[in-house]
Every structure is written in structure tokens, then in C-alpha cells.
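Participant: My structure file target-v8.cif, mmCIF, C-alpha atoms and all ligand atoms, is below:
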```cif
data_coords
#
loop_
_atom_site.label_atom_id
_atom_site.label_comp_id
_atom_site.auth_asym_id
_atom_site.auth_seq_id
_atom_site.Cartn_x
_atom_site.Cartn_y
_atom_site.Cartn_z
CA MET X 12 -45.54 8.80 80.87
CA SER X 13 -42.18 9.22 79.07
CA GLU X 14 -41.43 11.50 76.12
CA PRO X 15 -42.44 9.95 72.76
CA ILE X 16 -39.81 8.09 70.77
CA THR X 17 -39.81 8.09 66.97
CA VAL X 18 -39.98 4.74 65.22
CA VAL X 19 -39.71 4.21 61.46
CA VAL X 20 -41.18 1.31 59.51
CA THR X 21 -40.16 0.96 55.86
CA GLY X 22 -42.30 -0.98 53.41
CA ALA X 23 -45.09 0.55 55.46
CA ALA X 24 -47.78 -0.11 52.83
CA GLY X 25 -46.86 -3.81 52.62
CA GLN X 26 -48.29 -6.86 54.30
CA ILE X 27 -45.81 -7.34 57.17
CA ALA X 28 -46.11 -3.68 58.15
CA TYR X 29 -49.89 -4.04 58.20
CA SER X 30 -49.61 -6.45 61.15
CA LEU X 31 -46.56 -4.82 62.73
CA LEU X 32 -47.93 -1.29 63.01
CA TYR X 33 -50.74 -2.33 65.34
CA GLN X 34 -48.29 -3.96 67.74
CA LEU X 35 -46.17 -0.79 67.81
CA ALA X 36 -49.13 1.55 68.31
CA ALA X 37 -50.64 -0.66 71.01
CA GLY X 38 -47.49 -0.64 73.17
CA MET X 39 -46.70 -4.31 72.65
CA VAL X 40 -43.07 -3.65 71.68
CA PHE X 41 -41.84 -0.53 73.50
CA GLY X 42 -44.13 -0.99 76.49
CA PRO X 43 -47.47 0.37 77.68
CA ASN X 44 -45.94 3.60 79.03
CA GLN X 45 -43.91 4.58 75.96
CA PRO X 46 -45.71 6.94 73.55
CA ILE X 47 -44.47 6.80 69.95
CA ASN X 48 -44.37 8.83 66.77
CA LEU X 49 -44.61 6.54 63.75
CA HIS X 50 -42.76 7.38 60.54
CA LEU X 51 -44.01 5.33 57.60
CA LEU X 52 -41.74 5.03 54.55
CA ASP X 53 -42.76 3.55 51.23
CA ILE X 54 -42.14 4.31 47.56
CA PRO X 55 -44.04 7.11 45.74
CA VAL X 56 -46.51 4.80 43.90
CA MET X 57 -47.65 3.40 47.26
CA MET X 58 -48.56 6.76 48.85
CA LYS X 59 -52.30 6.30 48.19
CA VAL X 60 -52.26 2.88 49.83
CA LEU X 61 -50.28 4.36 52.70
CA ASP X 62 -53.02 6.98 53.18
CA GLY X 63 -55.39 4.09 53.89
CA VAL X 64 -52.97 2.63 56.44
CA VAL X 65 -52.77 6.04 58.14
CA MET X 66 -56.58 6.23 58.31
CA GLU X 67 -56.70 2.81 59.94
CA LEU X 68 -53.98 3.76 62.42
CA GLU X 69 -55.98 6.86 63.38
CA ASP X 70 -59.11 4.75 63.71
CA LEU X 71 -57.39 2.42 66.19
CA ALA X 72 -57.86 5.29 68.67
CA LEU X 73 -54.78 4.26 70.65
CA PRO X 74 -53.51 6.83 73.15
CA LEU X 75 -49.80 5.90 72.84
CA LEU X 76 -49.71 6.86 69.17
CA LYS X 77 -48.83 10.56 69.17
CA ALA X 78 -48.03 11.31 65.52
CA ILE X 79 -48.08 9.52 62.16
CA VAL X 80 -45.87 10.69 59.30
CA PRO X 81 -46.35 8.92 55.94
CA THR X 82 -43.60 9.74 53.44
CA ALA X 83 -41.59 8.61 50.43
CA ASP X 84 -38.61 10.71 51.51
CA PRO X 85 -35.92 8.90 53.56
CA ALA X 86 -34.74 12.25 54.99
CA VAL X 87 -38.15 12.71 56.62
CA ALA X 88 -38.62 9.04 57.51
CA PHE X 89 -35.34 8.62 59.39
CA LYS X 90 -35.33 11.95 61.23
CA ASP X 91 -34.60 11.42 64.95
CA VAL X 92 -35.58 7.75 64.92
CA ALA X 93 -34.74 5.63 67.97
CA ALA X 94 -35.80 2.36 66.37
CA ALA X 95 -35.99 1.33 62.72
CA PHE X 96 -37.82 -1.63 61.19
CA LEU X 97 -36.44 -2.00 57.66
CA VAL X 98 -39.12 -4.18 56.15
CA GLY X 99 -39.36 -2.91 52.57
CA SER X 100 -37.05 -4.46 50.04
CA MET X 101 -37.11 -5.57 46.42
CA PRO X 102 -38.89 -8.92 46.12
CA ARG X 103 -37.57 -11.55 43.71
CA ARG X 104 -39.69 -11.59 40.56
CA GLU X 105 -40.00 -14.20 37.84
CA GLY X 106 -36.96 -14.24 35.57
CA MET X 107 -34.86 -12.33 38.08
CA GLU X 108 -31.55 -13.77 39.11
CA ARG X 109 -30.22 -13.47 42.65
CA LYS X 110 -27.56 -11.02 41.51
CA ASP X 111 -30.27 -8.71 40.06
CA LEU X 112 -32.07 -8.88 43.39
CA LEU X 113 -28.88 -8.12 45.26
CA ALA X 114 -28.11 -5.12 43.04
CA ALA X 115 -31.59 -3.65 43.61
CA ASN X 116 -31.31 -4.15 47.36
CA VAL X 117 -27.81 -2.67 47.58
CA GLU X 118 -29.28 0.54 46.20
CA ILE X 119 -32.23 0.56 48.66
CA PHE X 120 -30.11 -0.18 51.73
CA LYS X 121 -27.39 2.25 50.66
CA VAL X 122 -29.92 5.08 50.51
CA GLN X 123 -31.46 4.07 53.85
CA GLY X 124 -28.06 3.62 55.51
CA GLU X 125 -27.03 7.09 54.40
CA ALA X 126 -30.30 8.53 55.70
CA LEU X 127 -29.86 6.77 59.05
CA ASN X 128 -26.31 8.11 59.22
CA LYS X 129 -27.46 11.65 58.60
CA TYR X 130 -30.81 11.92 60.37
CA ALA X 131 -31.30 9.15 62.98
CA ARG X 132 -30.26 9.10 66.62
CA LYS X 133 -26.77 7.69 67.02
CA ASP X 134 -28.10 5.02 69.38
CA VAL X 135 -30.82 3.91 66.92
CA LYS X 136 -31.61 0.20 67.00
CA VAL X 137 -32.03 -1.11 63.45
CA LEU X 138 -33.82 -4.36 62.64
CA VAL X 139 -33.63 -5.51 59.01
CA VAL X 140 -36.51 -7.78 57.99
CA GLY X 141 -36.41 -7.33 54.19
CA ASN X 142 -34.57 -10.14 52.44
CA PRO X 143 -31.75 -10.99 52.08
CA ALA X 144 -31.89 -9.63 55.65
CA ASN X 145 -28.34 -10.40 56.78
CA THR X 146 -26.74 -8.92 53.65
CA ASN X 147 -29.05 -5.91 53.71
CA ALA X 148 -28.12 -5.23 57.36
CA LEU X 149 -24.43 -5.31 56.50
CA ILE X 150 -24.89 -2.97 53.53
CA CYS X 151 -26.99 -0.58 55.59
CA SER X 152 -24.41 -0.39 58.37
CA HIS X 153 -21.63 0.15 55.83
CA TYR X 154 -23.36 3.35 54.67
CA ALA X 155 -23.99 4.56 58.23
CA PRO X 156 -20.45 4.82 59.65
CA SER X 157 -21.47 7.22 62.46
CA ILE X 158 -23.72 4.55 64.04
CA PRO X 159 -22.11 1.59 65.87
CA LYS X 160 -22.14 -1.57 63.71
CA GLN X 161 -23.66 -3.49 66.62
CA ASN X 162 -26.82 -1.42 66.18
CA PHE X 163 -27.66 -3.21 62.91
CA THR X 164 -29.35 -6.60 63.25
CA ALA X 165 -31.19 -9.00 60.96
CA MET X 166 -34.27 -11.02 61.80
CA THR X 167 -34.11 -14.77 62.42
CA ARG X 168 -36.70 -14.60 65.19
CA LEU X 169 -39.41 -15.96 62.91
CA ASP X 170 -37.28 -19.07 62.43
CA GLN X 171 -36.76 -19.28 66.19
CA ASN X 172 -40.49 -18.96 66.85
CA ARG X 173 -41.24 -21.59 64.19
CA ALA X 174 -38.67 -23.95 65.72
CA GLN X 175 -40.01 -23.42 69.24
CA ALA X 176 -43.56 -24.08 68.04
CA ALA X 177 -42.54 -27.25 66.17
CA VAL X 178 -40.76 -28.66 69.24
CA ALA X 179 -43.70 -27.75 71.50
CA SER X 180 -46.11 -29.48 69.14
CA ARG X 181 -43.90 -32.60 68.98
CA LEU X 182 -43.79 -32.75 72.80
CA ASN X 183 -47.43 -31.77 73.12
CA VAL X 184 -46.69 -28.84 75.45
CA GLN X 185 -47.47 -25.14 75.30
CA VAL X 186 -44.99 -23.15 73.24
CA ASP X 187 -43.77 -21.07 76.21
CA LYS X 188 -42.50 -24.24 77.91
CA VAL X 189 -39.77 -24.57 75.25
CA LYS X 190 -36.64 -22.42 75.51
CA ASN X 191 -33.24 -21.84 73.95
CA VAL X 192 -33.69 -23.32 70.50
CA ILE X 193 -30.95 -21.63 68.45
CA ILE X 194 -31.00 -20.46 64.84
CA TRP X 195 -27.53 -20.36 63.32
CA GLY X 196 -26.75 -18.59 60.07
CA ASN X 197 -29.13 -16.63 57.91
CA HIS X 198 -32.85 -16.37 57.35
CA SER X 199 -32.69 -18.72 54.35
CA SER X 200 -32.88 -22.40 53.58
CA THR X 201 -29.25 -22.77 54.70
CA GLN X 202 -30.03 -21.78 58.31
CA TYR X 203 -29.50 -24.41 61.01
CA PRO X 204 -32.16 -24.71 63.71
CA ASP X 205 -30.45 -26.36 66.67
CA THR X 206 -32.14 -27.99 69.67
CA ALA X 207 -28.97 -29.38 71.28
CA HIS X 208 -29.26 -27.00 74.26
CA ALA X 209 -33.00 -26.43 74.17
CA THR X 210 -35.02 -27.13 77.29
CA VAL X 211 -38.63 -27.92 78.02
CA THR X 212 -40.47 -27.44 81.31
CA LEU X 213 -42.41 -30.57 82.15
CA GLU X 214 -44.42 -30.78 85.38
CA GLY X 215 -42.42 -27.92 86.83
CA SER X 216 -38.94 -29.26 86.09
CA THR X 217 -36.53 -28.37 83.28
CA LYS X 218 -35.58 -31.18 80.89
CA SER X 219 -33.42 -31.44 77.80
CA VAL X 220 -35.35 -31.30 74.52
CA PRO X 221 -33.16 -33.91 72.73
CA THR X 222 -33.62 -36.32 75.65
CA GLU X 223 -37.38 -35.82 75.76
CA ILE X 224 -37.83 -36.12 72.00
CA ASN X 225 -35.46 -39.07 71.92
CA ASN X 226 -35.44 -39.38 68.15
CA GLU X 227 -32.23 -38.28 66.40
CA ASP X 228 -33.64 -38.71 62.92
CA TRP X 229 -36.52 -36.36 63.69
CA LEU X 230 -34.28 -33.78 65.37
CA ASN X 231 -31.39 -33.84 62.90
CA ASN X 232 -33.31 -34.27 59.66
CA ILE X 233 -37.09 -33.91 59.71
CA PHE X 234 -37.26 -30.97 62.15
CA VAL X 235 -34.39 -29.13 60.43
CA GLU X 236 -36.09 -29.46 57.06
CA ILE X 237 -39.50 -28.40 58.42
CA ILE X 238 -38.01 -25.15 59.73
CA GLN X 239 -35.84 -24.50 56.68
CA LYS X 240 -38.85 -24.95 54.39
CA ARG X 241 -41.59 -23.45 56.56
CA GLY X 242 -41.62 -20.16 54.68
CA ALA X 243 -42.08 -22.00 51.37
CA ALA X 244 -44.89 -24.11 52.90
CA VAL X 245 -46.74 -20.93 53.96
CA ILE X 246 -46.33 -19.46 50.45
CA ALA X 247 -47.60 -22.68 48.86
CA ALA X 248 -50.73 -22.59 51.04
CA ARG X 249 -51.43 -18.85 51.22
CA LYS X 250 -50.00 -17.79 47.86
CA MET X 251 -48.33 -14.99 49.80
CA SER X 252 -45.35 -15.03 52.12
CA SER X 253 -45.59 -15.13 55.92
CA ALA X 254 -46.74 -11.78 57.20
CA MET X 255 -48.63 -12.03 60.51
CA SER X 256 -45.96 -14.33 61.98
CA ALA X 257 -43.13 -12.25 60.48
CA ALA X 258 -44.57 -9.09 62.04
CA LYS X 259 -44.95 -10.81 65.43
CA ALA X 260 -41.33 -11.98 65.21
CA ALA X 261 -40.14 -8.46 64.34
CA GLY X 262 -41.97 -7.17 67.41
CA ASP X 263 -40.46 -9.93 69.59
CA HIS X 264 -36.93 -9.17 68.32
CA MET X 265 -37.16 -5.44 68.96
CA ARG X 266 -38.96 -5.82 72.31
CA ASP X 267 -36.30 -8.18 73.68
CA TRP X 268 -33.52 -5.91 72.38
CA TRP X 269 -35.22 -2.87 73.92
CA VAL X 270 -36.35 -4.35 77.23
CA GLY X 271 -33.90 -7.25 77.72
CA THR X 272 -34.14 -11.03 77.78
CA LYS X 273 -35.45 -13.02 80.72
CA PRO X 274 -32.87 -14.69 82.99
CA GLY X 275 -31.65 -17.98 81.50
CA GLU X 276 -33.31 -17.30 78.16
CA TRP X 277 -31.52 -16.94 74.80
CA ILE X 278 -32.92 -15.46 71.64
CA SER X 279 -31.55 -15.67 68.11
CA MET X 280 -30.58 -12.53 66.25
CA GLY X 281 -28.56 -11.88 63.11
CA VAL X 282 -25.69 -9.75 64.44
CA LEU X 283 -22.21 -8.73 63.42
CA SER X 284 -19.92 -11.71 64.00
CA ASP X 285 -17.10 -11.16 66.50
CA GLY X 286 -15.46 -14.40 65.39
CA SER X 287 -17.34 -16.56 67.93
CA TYR X 288 -17.70 -20.23 66.94
CA GLY X 289 -15.17 -19.72 64.12
CA ILE X 290 -17.62 -17.64 62.10
CA PRO X 291 -15.69 -15.06 60.03
CA LYS X 292 -15.63 -11.65 61.68
CA ASP X 293 -17.72 -8.77 60.38
CA ILE X 294 -20.44 -10.69 58.58
CA VAL X 295 -24.03 -10.65 59.86
CA PHE X 296 -24.86 -14.11 61.19
CA SER X 297 -27.52 -15.44 63.55
CA PHE X 298 -26.24 -16.40 66.99
CA PRO X 299 -27.89 -17.05 70.36
CA VAL X 300 -27.76 -13.82 72.39
CA THR X 301 -28.86 -12.42 75.71
CA VAL X 302 -29.74 -8.75 76.16
CA GLU X 303 -29.15 -6.47 79.14
CA ASN X 304 -29.47 -2.66 79.25
CA GLY X 305 -30.17 -2.53 75.52
CA GLN X 306 -26.91 -4.35 74.64
CA TYR X 307 -26.81 -7.88 73.30
CA LYS X 308 -24.10 -10.41 74.03
CA ILE X 309 -23.39 -13.55 72.01
CA VAL X 310 -23.90 -16.61 74.23
CA GLN X 311 -20.86 -18.88 74.34
CA VAL X 312 -22.46 -22.32 74.29
CA ASN X 313 -20.33 -25.16 75.55
CA PHE X 314 -20.63 -27.92 72.97
CA SER X 315 -18.53 -30.39 74.89
CA SER X 316 -21.02 -30.65 77.77
P1 LIG Y 1 -44.78 -6.56 50.56
O1 LIG Y 1 -44.42 -6.70 49.10
O2 LIG Y 1 -46.17 -6.80 50.98
O3 LIG Y 1 -44.36 -5.11 51.07
C1 LIG Y 1 -43.11 -4.55 50.80
C2 LIG Y 1 -43.30 -3.05 50.77
O4 LIG Y 1 -42.01 -2.47 50.66
C3 LIG Y 1 -44.14 -2.57 49.58
O5 LIG Y 1 -45.16 -1.70 50.04
C4 LIG Y 1 -43.10 -1.83 48.73
O6 LIG Y 1 -43.66 -0.74 48.00
C5 LIG Y 1 -42.14 -1.35 49.82
N1 LIG Y 1 -40.83 -0.93 49.31
C6 LIG Y 1 -40.13 -1.39 48.26
N2 LIG Y 1 -39.01 -0.68 48.10
C7 LIG Y 1 -38.98 0.24 49.09
C8 LIG Y 1 -38.08 1.28 49.43
N3 LIG Y 1 -36.99 1.52 48.73
N4 LIG Y 1 -38.38 2.05 50.51
C9 LIG Y 1 -39.50 1.84 51.23
N5 LIG Y 1 -40.40 0.89 50.93
C10 LIG Y 1 -40.14 0.10 49.87
O7 LIG Y 1 -43.75 -7.52 51.32
P2 LIG Y 1 -43.85 -8.10 52.80
O8 LIG Y 1 -44.60 -9.38 52.76
O9 LIG Y 1 -44.28 -7.04 53.72
O10 LIG Y 1 -42.32 -8.52 53.03
C11 LIG Y 1 -41.31 -7.54 53.13
C12 LIG Y 1 -39.93 -8.18 53.15
O11 LIG Y 1 -39.78 -8.99 54.29
C13 LIG Y 1 -39.62 -9.06 51.95
O12 LIG Y 1 -38.29 -8.80 51.54
C14 LIG Y 1 -39.68 -10.46 52.53
O13 LIG Y 1 -38.87 -11.36 51.81
C15 LIG Y 1 -39.14 -10.20 53.91
N6 LIG Y 1 -39.44 -11.24 54.91
C16 LIG Y 1 -38.46 -11.52 55.83
C17 LIG Y 1 -38.66 -12.45 56.82
C18 LIG Y 1 -37.58 -12.77 57.81
O14 LIG Y 1 -37.80 -13.68 58.62
N7 LIG Y 1 -36.44 -12.10 57.84
C19 LIG Y 1 -39.93 -13.19 56.91
C20 LIG Y 1 -40.91 -12.80 55.93
C21 LIG Y 1 -40.65 -11.86 54.96
#
```
Just dump the structure as C-alpha cells.
Facilitator:
Amino acid sequence: MSEPITVVVTGAAGQIAYSLLYQLAAGMVFGPNQPINLHLLDIPVMMKVLDGVVMELEDLALPLLKAIVPTADPAVAFKDVAAAFLVGSMPRREGMERKDLLAANVEIFKVQGEALNKYARKDVKVLVVGNPANTNALICSHYAPSIPKQNFTAMTRLDQNRAQAAVASRLNVQVDKVKNVIIWGNHSSTQYPDTAHATVTLEGSTKSVPTEINNEDWLNNIFVEIIQKRGAAVIAARKMSSAMSAAKAAGDHMRDWWVGTKPGEWISMGVLSDGSYGIPKDIVFSFPVTVENGQYKIVQVNFSS
């Protein structure tokens, strides 16, 4: 058994964290042989709720979970962390304009960036889930200059998982038969889910998704809109935003970044643009990537083929 690593989850009293923490404690993200210390950050008014989350974590009776530290202090939360799930952010409330939301989040991600800079491991892997995730990741990295900018990523894996599931359902196959759907852009309604290079395994052989679906209107319009508006559809039905699926996607993102992607498989991650595909440098944008030895690489898809 290895030495424990320390993992922080912010927004730890919220609904995404509630599903995410079990995955972390059960070894579903960092592996069944990796013990962890969990640092749980939330705001002072949520400390009582967080106490309940701690009780439930204890009651899971999971041997990989070595220590649990609930706190409202970023200096404690980010101490020695090897992986950070930045889930907590300011939600948009009625009457609030986007610029108000942005201002509130700049403050949160400035404080957390500074705490990462000061207290976290220099090789910490940071996944920003809290919206606007891509902007928050950029802000956070700006305030953590001692940590490589490549270590800050934003989550579009939920969109990828949704897209993969929608294609699988259309083709009436299991979801794991569909690969390499790409999410371009941001986790927002302007994202572009792209199946141009996606494949499906049918009766043991690999086929092109566009060829098998054979319906351009569905692929270019209906499917794109379903994925762009899926989050809103969940809110309309549940009266709360996606949480179980968002937590699963956060676990998938971090696991693949930590352990590596399977041969021939791409995943989508919001990462710092290196100028690939003509996207301006130094903004956080979702690209297809592969991961080896803990380092991701943007896949250079050939659009002429
Ligand atoms: P929630 O409202 O249930 O929980 C958020 C938690 O964050 C609350 O406990 C709150 O007290 C805490 N929080 C607020 N400010 C904080 C701070 N400065 N430090 C630490 N904790 C703080 O929200 P939920 O459903 O868990 O969603 C969290 C975020 O994830 C939201 O911004 C949501 O929009 C985003 N999201 C992102 C997705 C993606 O695909 N990137 C998908 C779904 C949600």
C-alpha cells in the first residue's frame, strides 16, 4: 500500500461533492491501493452541514480513507494537496447579471489560487468544476504562479459522457462501445459536441459514428442541441442541477489524468490552449486529449481525412 495522498474538495457540503466524496473514498478515482486524506472546504455557514458529511464518510467504513479534515480555512484545506476538485462556486441567483457572478467568482478563485500557490504540492492536479469552469480555472492559475499552468483544467467530461450516451442510445449499443466524441469549447450552451471522428464497435469491428448514424440533420442539429441543453433539461425535471452525473464525470476526468487514457482513446478536458486549431493561446478551452505518465497532450485531429 502506498503512502496516503491528500485530496481537497471545495463546495464539500454541496450536492456534487455528496456524490463525489464516496468515489474518492472508495478508491474509484486514485485506485484501490491508494489511501487518501480528504480535506473538505466550504464556507463558515455550512460547517454544521459539513459535520454531517464527515459523519457519513466515517460511517462508510472504507479502509482507504485515512483522515478527514473539514474546514472553512483555505490555508488548511490546500495544505500538501496532490489533487484538487474545485467544485464550490457562487451560483447565479435571480436578478444577478453575469458580470456580478463573474466578480464573485474572481474573488473565490483568487483566494483559492493563492492558497494553492502557498500550500499545495507543486505538482498538484487541479480540476475546476464550479461554473464558469473555464474562466475560474484561468483565474485560479493566474493567482498560483508557482504551479505550472498545465496543472489547471476545467471539466467538460460531463458533456462528453452525455454525448457518448446519446450516440449509444441512438445506435442502440452499450455506452462503452462509443469512443472519441469530442467536446470543443466551454461547459456552456456554446460548446460544440463533435462526432466527426467518433467510433462505435459493432460486432467486434470499429465503425465510424457518422456513417452508422447516417443522418446529418440529427448529428449536426438535433444531437448538438440535446447536449448543449442537457443541463437545462435536468434542472427542469429535477429542479436542481446535475449532481450525480457531474460527480461521476469529475471522477472520470481526474482518474484518466492520474492513471492515463487507454490506447486509441481520447477524452475531452478544458486545458490551456497552446494555439492548436487556431484557438487563441492561453485561454482555457476544451480539446480532445490523451494522457500518459500524468501529462496530457492535445490530440491533433486531421480534419481533411
Ligand atoms: P451546491 O450549491 O449544491 O454546492 C456548492 C457548495 O459550494 C455549497 O456548499 C457552498 O456553500 C460552497 N461554496 C460556495 N462558495 C465557496 C467557497 N468560497 N469555498 C468553498 N465552498 C464554497 O452546488 P453543486 O450542485 O454542488 O454545484 C457546484 C458547482 O458546479 C456549480 O457552480 C455548478 O454550476 C457547477 N457544475 C459544473 C458542471 C460542469 O460540467 N462543469 C456540471 C454541474 C455543475
Participant: Edge lengths and centre in Å to one decimal, as lines of an AutoDock Vina configuration file, of the axis-aligned box that encloses all listed atoms of region 64-74 of chain X with 4 Å added on every side?
Facilitator:
```
center_x = -55.9
center_y = 4.6
center_z = 64.8
size_x = 14.3
size_y = 12.4
size_z = 24.7
```
Participant: Restricting the calculation to all atoms listed in the file: of X:Gln171, X:Ala115, X:Val282, X:Gln26, which residue gets closest to Pro159 (chain X)?
Facilitator: X:Val282
Participant: Throw together the list of residues within 7 Å of ligand LIG 1 (chain Y), counting only C-alpha atoms and all ligand atoms, and drop it here as an NGL selection string.
Facilitator: :X and (21-28 or 52-54 or 57 or 98-102 or 119 or 140-144 or 165-170 or 198 or 252-254 or 257)
Participant: Counting all atoms listed in the file, which residue out of X:Ser13, X:Asn313, X:Ser279, X:Thr212 sits closest to Gln185 (chain X)?
Facilitator: X:Thr212
Participant: Show me, as a PyMOL selection string, the residues that have an atom within 8 Å of Leu182 (chain X) when counting all atoms listed in the file, minus same-chain residues fewer than 4 positions from it.
Facilitator: chain X and resi 178+223-224
Participant: Find, counting all atoms listed in the file, the residue in X:Pro299, X:Gly275, X:Pro15, X:Gly196 that gets nearest to Ala94 (chain X).
Facilitator: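 Smallest distance to Ala94 (chain X) is found for X:Pro15.
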Participant: Considering all atoms listed in the file, return as a list in words whatever protein or nucleic-acid residues lie within 10 Å of Pro55 (chain X), sequence-local ones (same chain, fewer than 3 positions apart) excluded.
Facilitator: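 Counting only the stated atoms, we get Leu52, Met58, Lys59, Leu61, Thr82, Ala83 and Asp84 of chain X.
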Participant: Quick one, how far is CA of Gln161 (chain X) from CA of Pro85 (chain X)?
Facilitator: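 Taking CA of Gln161 (chain X) and CA of Pro85 (chain X), their separation equals 21.8 Å.
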Participant: Nearest residue to Ile237 (chain X) out of X:Lys190, X:Arg104, X:Arg173, X:Lys273, using only C-alpha atoms?
Facilitator: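 Using only C-alpha atoms, the shortest distance to Ile237 (chain X) belongs to X:Arg173.
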Participant: Quote the spacing between CA of Ile238 (chain X) and CA of Ser200 (chain X) in Å to one decimal place.
Facilitator: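 So the two atoms, CA of Ile238 (chain X) and CA of Ser200 (chain X), lie 8.5 Å apart.
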Participant: Go through X:Val184, X:Ile150, X:Ala258, X:Ile246 one by one, measure the shortest atom-to-atom distance of each to Ala114 (chain X) using all atoms listed in the file, and give the residue with the smallest value.
Facilitator: X:Ile150
Participant: One decimal, Å: what's the distance from CA of Leu213 (chain X) over to CA of Val189 (chain X), could you say?
Facilitator: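 Computing it gives 9.5 Å between the two atoms.
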Participant: Restricting the calculation to only C-alpha atoms: of X:Gly124, X:Gly289, X:Gly242, X:Gly42, which residue gets closest to Ala86 (chain X)?
Facilitator: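 Distance minimum relative to Ala86 (chain X) lands on X:Gly124.
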Participant: Excluding Lys77 (chain X) and its own-chain neighbours fewer than 4 positions away, which residues fall within 7 Å of it when counting only C-alpha atoms? Please give them as number ranges by chain.
Facilitator: X: 46-48
Participant: Find the spatial neighbours of Lys188 (chain X), counting all atoms listed in the file, within a cut-off of 12 Å - ignore same-chain residues fewer than 4 positions away - and output them as a list in words.
Facilitator: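 In the requested format, the answer is Gln175, Ala176, Val178, Ala179, Ser180, Leu182, Asn183, Val184, Val192, Ala209, Thr210, Val211, Thr212, Leu213, Glu214, Gly215, Ser216, Thr217, Lys218, Ser219, Val220 and Glu276 of chain X.
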